[in-house]
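Heads up, run-v5.cif below (mmCIF, C-alpha atoms):
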```
data_start
loop_
_atom_site.label_atom_id
_atom_site.label_comp_id
_atom_site.auth_asym_id
_atom_site.auth_seq_id
_atom_site.Cartn_x
_atom_site.Cartn_y
_atom_site.Cartn_z
CA ASP B 1 14.41 -17.10 2.85
CA LEU B 2 12.05 -16.55 -0.05
CA ALA B 3 13.45 -19.53 -1.93
CA ALA B 4 12.40 -21.80 0.94
CA ILE B 5 8.95 -20.21 1.05
CA PHE B 6 8.41 -20.91 -2.64
CA ARG B 7 9.84 -24.43 -2.61
CA GLY B 8 7.34 -26.69 -4.34
CA ALA B 9 5.51 -23.76 -5.98
CA ILE B 10 7.21 -24.01 -9.37
CA ARG B 11 4.20 -25.54 -11.10
CA GLN B 12 1.93 -22.85 -9.65
CA ARG B 13 4.15 -20.14 -11.06
CA GLN B 14 4.37 -21.84 -14.44
CA ALA B 15 0.58 -22.07 -14.58
CA LEU B 16 0.14 -18.36 -13.78
CA ILE B 17 3.01 -16.47 -15.38
CA GLY B 18 1.98 -17.06 -18.99
CA GLY B 19 -1.52 -15.78 -18.33
CA LEU B 20 -0.20 -12.75 -16.42
CA ILE B 21 2.07 -11.83 -19.31
CA GLU B 22 -0.66 -12.09 -21.97
CA GLY B 23 -3.31 -10.51 -19.73
CA SER B 24 -5.71 -13.44 -19.47
CA ALA B 25 -4.85 -13.90 -15.76
CA ARG B 26 -5.07 -11.08 -13.23
CA LEU B 27 -4.19 -11.30 -9.54
CA ALA B 28 -5.43 -9.39 -6.49
CA PHE B 29 -3.85 -9.55 -3.04
CA ALA B 30 -6.50 -10.23 -0.37
CA HIS B 31 -4.83 -9.82 3.01
CA ALA B 32 -6.19 -6.84 4.99
CA GLU B 33 -8.89 -7.41 7.62
CA THR B 34 -10.95 -4.93 9.62
CA GLN B 35 -9.69 -5.88 13.09
CA ALA B 36 -6.02 -5.97 12.03
CA ARG B 37 -5.70 -2.31 11.07
CA TYR B 38 -2.22 -2.44 9.50
CA ASP B 39 -0.77 -5.37 11.51
CA LEU B 40 0.20 -7.94 8.90
CA HIS B 41 0.32 -10.82 11.38
CA ASP B 42 -3.30 -10.29 12.53
CA VAL B 43 -5.21 -12.80 10.39
CA ALA B 44 -8.65 -14.06 11.45
CA THR B 45 -9.61 -15.75 8.17
CA THR B 46 -9.33 -19.49 8.76
CA ALA B 47 -8.01 -22.32 6.60
CA THR B 48 -9.19 -25.73 7.78
CA ARG B 49 -7.99 -29.07 6.48
CA GLU B 50 -10.78 -31.03 4.87
CA GLY B 51 -11.04 -34.48 3.31
CA GLU B 52 -8.58 -37.28 2.83
CA GLY B 53 -6.82 -35.52 -0.04
CA GLY B 54 -5.57 -32.70 2.15
CA GLY B 55 -7.92 -30.07 0.75
CA TRP B 56 -8.80 -26.79 2.46
CA ARG B 57 -11.86 -24.83 3.53
CA LEU B 58 -11.52 -21.02 3.80
CA ASP B 59 -13.80 -18.78 5.88
CA GLY B 60 -13.43 -15.07 6.58
CA VAL B 61 -13.63 -11.54 5.21
CA LYS B 62 -10.93 -9.48 3.51
CA THR B 63 -11.26 -5.72 3.16
CA VAL B 64 -10.04 -3.09 0.67
CA VAL B 65 -8.76 -5.64 -1.82
CA LEU B 66 -7.48 -3.50 -4.68
CA ASN B 67 -8.86 -4.40 -8.11
CA ALA B 68 -10.53 -7.56 -6.81
CA ASP B 69 -13.46 -7.16 -9.19
CA ALA B 70 -11.09 -7.36 -12.17
CA ALA B 71 -9.07 -10.33 -10.88
CA THR B 72 -9.30 -13.89 -12.10
CA THR B 73 -7.41 -15.22 -9.06
CA LEU B 74 -7.14 -13.93 -5.51
CA ILE B 75 -4.05 -14.49 -3.38
CA VAL B 76 -5.66 -14.94 0.05
CA SER B 77 -3.92 -15.14 3.41
CA ALA B 78 -5.58 -17.39 5.97
CA ARG B 79 -4.70 -18.85 9.35
CA SER B 80 -3.96 -22.55 9.11
CA GLY B 81 -2.58 -22.72 12.65
CA GLY B 82 -1.93 -20.75 15.84
CA ALA B 83 -3.80 -17.85 17.43
CA ARG B 84 -5.15 -14.86 15.50
CA ARG B 85 -2.08 -12.63 16.03
CA ASP B 86 0.65 -15.28 15.87
CA ALA B 87 3.46 -14.82 13.36
CA GLN B 88 3.43 -18.51 12.54
CA GLY B 89 0.47 -20.29 11.01
CA VAL B 90 -0.34 -17.92 8.12
CA THR B 91 -0.68 -19.61 4.73
CA LEU B 92 -1.28 -18.10 1.31
CA PHE B 93 -3.79 -19.61 -1.10
CA LEU B 94 -4.61 -19.21 -4.77
CA VAL B 95 -8.39 -18.77 -4.91
CA PRO B 96 -10.31 -18.48 -8.20
CA ALA B 97 -12.35 -15.28 -8.06
CA ASP B 98 -15.42 -17.16 -9.27
CA ALA B 99 -15.09 -20.08 -6.84
CA PRO B 100 -18.28 -21.11 -4.99
CA GLY B 101 -18.46 -19.26 -1.66
CA VAL B 102 -16.50 -16.20 -2.86
CA THR B 103 -18.45 -12.93 -2.77
CA ILE B 104 -16.84 -9.74 -4.06
CA ARG B 105 -18.49 -6.44 -3.10
CA ALA B 106 -16.71 -3.82 -5.20
CA TYR B 107 -16.68 -0.03 -4.83
CA PRO B 108 -14.75 2.96 -6.22
CA THR B 109 -11.92 4.54 -4.24
CA GLN B 110 -11.54 8.29 -4.00
CA ASP B 111 -8.51 8.34 -6.31
CA GLY B 112 -10.49 6.80 -9.17
CA GLY B 113 -9.38 3.22 -8.56
CA ARG B 114 -11.35 0.17 -7.51
CA ALA B 115 -11.37 -1.98 -4.36
CA ALA B 116 -13.63 -4.60 -2.82
CA ASP B 117 -14.54 -6.45 0.33
CA VAL B 118 -14.20 -10.19 -0.26
CA THR B 119 -16.22 -12.71 1.75
CA LEU B 120 -15.06 -16.32 1.87
CA ALA B 121 -17.84 -18.62 3.06
CA GLY B 122 -16.91 -22.28 3.03
CA VAL B 123 -14.63 -21.93 0.00
CA ARG B 124 -13.24 -25.37 -0.80
CA LEU B 125 -9.83 -25.73 -2.41
CA GLY B 126 -7.55 -28.59 -3.34
CA ALA B 127 -4.26 -29.27 -1.56
CA ALA B 128 -2.36 -27.66 -4.46
CA ALA B 129 -4.02 -24.27 -3.80
CA ALA B 130 -1.61 -23.54 -0.92
CA LEU B 131 1.08 -21.13 -2.18
CA GLY B 132 4.50 -21.96 -0.78
CA GLU B 133 5.06 -23.60 2.59
CA VAL B 134 2.00 -24.14 4.78
CA GLY B 135 2.10 -21.93 7.88
CA ALA B 136 5.07 -19.85 6.70
CA GLY B 137 3.40 -17.23 4.54
CA LEU B 138 3.92 -14.17 6.74
CA PRO B 139 7.55 -13.46 5.72
CA LEU B 140 6.44 -13.39 2.10
CA VAL B 141 3.53 -11.05 2.92
CA GLU B 142 5.93 -8.72 4.77
CA ARG B 143 8.40 -8.70 1.90
CA VAL B 144 5.72 -7.97 -0.67
CA VAL B 145 4.31 -5.11 1.43
CA GLU B 146 7.78 -3.63 2.01
CA GLN B 147 8.42 -3.57 -1.72
CA GLY B 148 4.94 -2.15 -2.21
CA VAL B 149 5.79 0.71 0.17
CA ALA B 150 8.97 1.42 -1.78
CA ALA B 151 6.97 1.49 -5.02
CA ILE B 152 4.23 3.84 -3.83
CA ALA B 153 6.88 6.05 -2.17
CA ALA B 154 8.38 6.60 -5.61
CA GLU B 155 4.92 7.24 -7.04
CA ALA B 156 4.21 9.79 -4.30
CA VAL B 157 7.43 11.67 -5.04
CA GLY B 158 6.51 11.87 -8.71
CA LEU B 159 3.04 13.17 -7.83
CA MET B 160 4.40 15.75 -5.38
CA ASP B 161 6.97 16.94 -7.92
CA ALA B 162 4.28 17.40 -10.57
CA LEU B 163 1.89 19.04 -8.10
CA LEU B 164 4.56 21.51 -6.97
CA ALA B 165 5.32 22.45 -10.59
CA LEU B 166 1.61 22.89 -11.27
CA THR B 167 1.23 25.09 -8.18
CA VAL B 168 4.21 27.30 -8.97
CA ASP B 169 2.90 27.80 -12.50
CA TYR B 170 -0.49 28.79 -11.04
CA LEU B 171 1.17 31.30 -8.69
CA LYS B 172 2.89 32.88 -11.70
CA THR B 173 -0.27 33.21 -13.78
CA ARG B 174 -3.14 33.82 -11.33
CA LYS B 175 -3.55 37.56 -10.75
CA GLN B 176 -5.02 39.43 -7.81
CA PHE B 177 -4.92 43.18 -7.20
CA GLY B 178 -3.34 43.55 -10.64
CA VAL B 179 -0.27 41.32 -9.99
CA ALA B 180 0.52 37.62 -10.06
CA ILE B 181 -0.15 36.11 -6.63
CA GLY B 182 3.33 34.60 -6.73
CA ALA B 183 4.63 38.10 -6.02
CA PHE B 184 3.28 37.86 -2.45
CA GLN B 185 6.06 36.78 -0.11
CA SER B 186 3.82 34.66 2.13
CA LEU B 187 2.83 32.51 -0.85
CA GLN B 188 6.45 32.22 -1.94
CA HIS B 189 7.27 30.87 1.52
CA LYS B 190 4.53 28.26 1.17
CA ALA B 191 5.96 27.12 -2.17
CA VAL B 192 9.43 26.82 -0.63
CA ASP B 193 8.00 24.75 2.22
CA MET B 194 6.43 22.45 -0.38
CA LEU B 195 9.83 22.08 -2.06
CA VAL B 196 11.50 21.18 1.24
CA ALA B 197 8.85 18.55 2.00
CA LEU B 198 9.24 17.13 -1.51
CA GLU B 199 13.01 16.80 -1.21
CA GLN B 200 12.70 15.16 2.20
CA ALA B 201 10.31 12.65 0.68
CA ARG B 202 12.59 12.08 -2.31
CA SER B 203 15.52 11.20 -0.04
CA MET B 204 13.41 8.75 1.96
CA ALA B 205 11.96 7.19 -1.19
CA LEU B 206 15.49 6.43 -2.37
CA TYR B 207 16.26 5.04 1.08
CA ALA B 208 13.18 2.82 0.92
CA ALA B 209 14.15 1.52 -2.52
CA MET B 210 17.58 0.51 -1.20
CA ALA B 211 16.29 -0.84 2.12
CA ALA B 212 13.68 -3.04 0.41
CA GLN B 213 16.53 -5.11 -1.06
CA GLY B 214 18.22 -5.69 2.31
CA GLU B 215 18.65 -9.16 3.79
CA ASP B 216 18.19 -8.29 7.47
CA ALA B 217 14.43 -8.41 8.12
CA ASP B 218 14.52 -6.15 11.20
CA GLU B 219 16.65 -3.44 9.59
CA ARG B 220 14.49 -3.62 6.47
CA ARG B 221 11.31 -3.32 8.52
CA TRP B 222 12.38 -0.21 10.47
CA ALA B 223 13.83 1.50 7.39
CA ILE B 224 10.67 0.99 5.35
CA SER B 225 8.50 2.30 8.19
CA ALA B 226 10.71 5.38 8.65
CA ALA B 227 10.46 6.10 4.93
CA LYS B 228 6.66 5.71 4.99
CA VAL B 229 6.38 8.18 7.88
CA GLN B 230 8.14 10.89 5.86
CA ILE B 231 6.32 10.05 2.63
CA ASN B 232 2.97 10.29 4.41
CA ARG B 233 3.81 13.59 6.11
CA SER B 234 5.16 15.16 2.93
CA ALA B 235 2.24 13.90 0.84
CA ARG B 236 -0.26 15.44 3.22
CA PHE B 237 1.58 18.77 3.47
CA VAL B 238 2.26 19.15 -0.24
CA GLY B 239 -1.27 18.10 -1.19
CA GLN B 240 -3.06 20.31 1.30
CA THR B 241 -0.82 23.32 0.65
CA ALA B 242 -1.32 22.99 -3.11
CA VAL B 243 -5.09 23.06 -2.59
CA GLN B 244 -4.82 26.14 -0.34
CA LEU B 245 -2.64 28.02 -2.85
CA HIS B 246 -4.99 27.19 -5.71
CA GLY B 247 -8.10 28.23 -3.82
CA GLY B 248 -11.46 26.76 -4.84
CA VAL B 249 -10.26 25.49 -8.22
CA GLY B 250 -7.83 23.18 -6.41
CA MET B 251 -10.64 20.81 -5.41
CA THR B 252 -12.62 20.70 -8.64
CA MET B 253 -12.82 17.41 -10.57
CA GLU B 254 -11.87 19.23 -13.78
CA TYR B 255 -8.47 20.26 -12.39
CA LEU B 256 -5.53 17.86 -12.64
CA GLY B 257 -4.12 18.95 -9.29
CA ALA B 258 -7.22 17.72 -7.48
CA HIS B 259 -6.67 14.20 -8.82
CA MET B 260 -3.04 14.29 -7.70
CA PHE B 261 -4.17 15.32 -4.24
CA ARG B 262 -6.70 12.49 -4.09
CA ARG B 263 -4.09 9.93 -5.09
CA LEU B 264 -1.63 11.26 -2.50
CA THR B 265 -4.35 10.89 0.14
CA MET B 266 -4.84 7.24 -0.81
CA ILE B 267 -1.09 6.58 -0.77
CA GLU B 268 -0.92 8.02 2.75
CA LEU B 269 -3.32 5.32 3.98
CA THR B 270 -2.01 2.43 1.87
CA PHE B 271 0.19 -0.05 3.78
CA GLY B 272 -0.02 1.98 6.99
CA ASP B 273 -0.53 5.59 8.07
CA ALA B 274 2.16 7.77 9.68
CA PRO B 275 1.24 7.17 13.37
CA TRP B 276 1.25 3.38 12.88
CA HIS B 277 4.66 3.37 11.19
CA LEU B 278 6.08 5.81 13.73
CA ARG B 279 5.07 3.51 16.59
CA ARG B 280 6.62 0.61 14.72
CA VAL B 281 9.96 2.41 14.41
CA ALA B 282 9.83 3.41 18.08
CA ARG B 283 9.15 -0.17 19.21
CA GLY B 284 12.12 -1.33 17.18
CA GLY B 285 14.49 1.13 18.85
CA GLY B 286 14.82 3.45 15.88
CA LEU B 287 16.87 3.14 12.70
CA ALA B 288 20.11 1.20 12.48
CA ALA B 289 23.23 3.31 12.99
CA ALA B 290 25.19 4.20 9.87
CA GLU B 291 28.39 2.19 9.40
#
```
Take the structure I supplied and represent it as C-alpha cells, if you would.
Amino acid sequence: DLAAIFRGAIRQRQALIGGLIEGSARLAFAHAETQARYDLHDVATTATREGEGGGWRLDGVKTVVLNADAATTLIVSARSGGARRDAQGVTLFLVPADAPGVTIRAYPTQDGGRAADVTLAGVRLGAAAALGEVGAGLPLVERVVEQGVAAIAAEAVGLMDALLALTVDYLKTRKQFGVAIGAFQSLQHKAVDMLVALEQARSMALYAAMAAQGEDADERRWAISAAKVQINRSARFVGQTAVQLHGGVGMTMEYLGAHMFRRLTMIELTFGDAPWHLRRVARGGGLAAAE
C-alpha cells in the first residue's frame, strides 16, 4: 500500500515538489549496488541510528546512479535492519548531494547520458531524512522500478520504430551493382524480421503499461519481467540488424541510427537484462492465466 508507505511524508513532498516543478531541485535515485546485480532487495549500504534525536548515519556505495552529478538531492536506499538480502529493513533517505561524506564520481554513459558511483562515508542525517516508513521501503522501490521498466519499454519501441524506418529508407537509396540494395531478397527478409521483432516489442510494451497499474504485486512483477525480456530481445535484434544492413556507416557517430542503437543497448541493461528477468518469470511459475 503506497499510501501507508508515504504516511508522514507529506511535509517532505511539499518541500520538494515546488523546487522540482521550477527546476531548482533535481532528484537522482541511488539504489543499485555492485554485489546486488539486479536484485532490488540486496542492499548492503547501512543506515545506523545515531544520537538522542533519532538521527541516522549512512555508509556504503551506490553504482550507476543516473544523473547524480546534476542532482541536488539523492534518494538513497539503505539497510536499517535485517540481513543484506532481506525484504524487510530497507529504508529510503533524502540525502543532499553536497552533504559531508557524499562523494560523487561521475562518468559518461555510452548513449550520451551521465551516471555516477556515489560513496557514502559517515553521512549524518536528521530523523526527518527518512522517506516514508522506516524499514518498509522495498515495496516502493519495486513499484518505481516496475513503472520505470514500462516507461523505457515505450521508449525502446519508439526507437526501434524510428530505426526500422531509417533502415528501410537506406535500403531504398543505397545502391550496389547498379540497383538499390533493397532489391535483394535476403535484405528484404532481414527488414521483415526487424518489423516482426518491433511488433512483438510493441505488444509487450502495452502489456507492461497496463500491468504496471495492477494491484497484485506478484502478477505485476511477473508481467513486467516478461515484457522486459521481449523488449530486450527485440532491442538487441533490431539494433544489431540495423547496423548490419547499414554497413560501416551504421556505427559512425555522425549517423543518427548509431545513437539509436547505443540507446537501445543501454535500455537492454537498465533495470535488468533478459536472462535475469527470464529467471524471475520462471521462478514465479510463469505469467498469470488469462481470465
Counting all atoms listed in the file, the residue of B:Leu256, B:Ile224, B:Leu66, B:Met266 that sits nearest Arg114 in chain B: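 Using all atoms listed in the file, the shortest distance to Arg114 in chain B belongs to B:Leu66.
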Put a box with edges along x, y and z around all the listed atoms of range 228-247 of chain B, pad it by 3 Å on each side, then give me its centre and sizes in Å, one decimal, as JSON.
```
{"center_x": 0.0, "center_y": 17.0, "center_z": 1.1, "size_x": 22.2, "size_y": 28.5, "size_z": 19.6}
```
Between CA of Ala30 in chain B and CA of Val76 in chain B - distance in Å to one decimal: 4.8 Å
Against range 145-163 of chain B, which residues of range 190-241 of chain B fall within 10 Å? For each one I want the closest pair of atoms and the distance in Å (one decimal), counting all atoms listed in the file, rows by chain and increasing residue number, as a tab-separated table.
```
residue	atom	partner	partner_atom	distance
B:Met194	CA	B:Met160	CA	8.6
B:Leu195	CA	B:Asp161	CA	8.3
B:Ala197	CA	B:Met160	CA	9.1
B:Leu198	CA	B:Met160	CA	6.3
B:Glu199	CA	B:Val157	CA	8.5
B:Gln200	CA	B:Val157	CA	9.6
B:Ala201	CA	B:Val157	CA	6.5
B:Arg202	CA	B:Val157	CA	5.9
B:Ser203	CA	B:Val157	CA	9.5
B:Met204	CA	B:Ala153	CA	8.2
B:Ala205	CA	B:Ala153	CA	5.3
B:Leu206	CA	B:Ala154	CA	7.8
B:Tyr207	CA	B:Ala150	CA	8.6
B:Ala208	CA	B:Ala150	CA	5.2
B:Ala209	CA	B:Ala150	CA	5.2
B:Met210	CA	B:Ala150	CA	8.7
B:Ala211	CA	B:Ala150	CA	8.6
B:Ala212	CA	B:Gln147	CA	5.7
B:Gln213	CA	B:Gln147	CA	8.3
B:Arg220	CA	B:Glu146	CA	8.1
B:Arg221	CA	B:Glu146	CA	7.4
B:Ala223	CA	B:Glu146	CA	9.6
B:Ile224	CA	B:Glu146	CA	6.4
B:Ser225	CA	B:Glu146	CA	8.6
B:Ala227	CA	B:Ala153	CA	8.0
B:Lys228	CA	B:Val149	CA	7.0
B:Gln230	CA	B:Ala153	CA	9.5
B:Ile231	CA	B:Ala153	CA	6.3
B:Asn232	CA	B:Ala153	CA	8.7
B:Ser234	CA	B:Met160	CA	8.4
B:Ala235	CA	B:Met160	CA	6.8
B:Arg236	CA	B:Met160	CA	9.8
B:Phe237	CA	B:Met160	CA	9.8
B:Val238	CA	B:Met160	CA	6.5
B:Gly239	CA	B:Met160	CA	7.4
```
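This file, filtered with the PyMOL selection byres ((chain B and resi 112) around 9), gives the residues Pro108, Thr109, Gln110, Asp111, Gly113, Arg114, His259, Arg262 and Arg263 of chain B.
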Cut-off 12 Å around (-9.4, -8.0, -17.7) with only C-alpha atoms: residues as a ChimeraX atom specification: /B:19-20,22-28,67-73
Selected residue, from B:Ala128, B:Val141, B:Leu40, B:Leu187, that lies nearest to Gly272 in chain B when counting only C-alpha atoms: B:Leu40
Option closest in space to Glu50 in chain B, from B:His246, B:Arg124, B:His277, B:Arg105 [counting all atoms listed in the file]: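 Of all the options, B:Arg124 lies closest to Glu50 in chain B.
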Residue among B:Glu254, B:Asp218, B:Asp117, B:Asp273 lying closest to Thr34 in chain B, counting all atoms listed in the file: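 Smallest separation from Thr34 in chain B among the options: B:Asp117.
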Nearest-residue call for Trp56 in chain B, choices B:Val144, B:Ala129, B:Ala15, B:Val90, using all atoms listed in the file: B:Ala129
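For the pair CA of Glu52 in chain B and CA of Ala130 in chain B, the interatomic distance is 15.9 Å.
For the file shown, the residue list from the PyMOL selection byres ((chain B and resi 36) around 12) reads B:His31, B:Ala32, B:Glu33, B:Thr34, B:Gln35, B:Arg37, B:Tyr38, B:Asp39, B:Leu40, B:His41, B:Asp42, B:Val43, B:Ala44, B:Thr45, B:Val61, B:Lys62, B:Thr63, B:Arg84, B:Arg85, B:Phe271, B:Gly272, B:Trp276.
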Separation of CA of Ala136 in chain B from CA of Gly284 in chain B, in Å and rounded to one decimal: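 Between CA of Ala136 in chain B and CA of Gly284 in chain B the gap works out to 22.4 Å.
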Hits of the PyMOL selection byres ((chain B and resi 168) around 12) in this structure, as JSON, numbers by chain: {"B": [161, 162, 163, 164, 165, 166, 167, 169, 170, 171, 172, 173, 174, 180, 181, 182, 183, 187, 188, 189, 190, 191, 192, 194, 195, 241, 242, 245, 246, 257]}
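Nearest residue to Ser77 in chain B, choosing from B:Ala258, B:Leu92, B:Ile10, B:Leu125 and counting only C-alpha atoms: B:Leu92.
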May I have the residues within 9 Å of Arg280 in chain B as a CSV table (one decimal) with C-alpha atoms, in the coordinates of the input, using all atoms listed in the file and disregarding those fewer than 5 positions away in the same chain?
```csv
chain,number,residue,atom,x,y,z
B,221,ARG,CA,11.3,-3.3,8.5
B,222,TRP,CA,12.4,-0.2,10.5
B,225,SER,CA,8.5,2.3,8.2
B,226,ALA,CA,10.7,5.4,8.6
B,275,PRO,CA,1.2,7.2,13.4
B,285,GLY,CA,14.5,1.1,18.8
B,286,GLY,CA,14.8,3.4,15.9
```
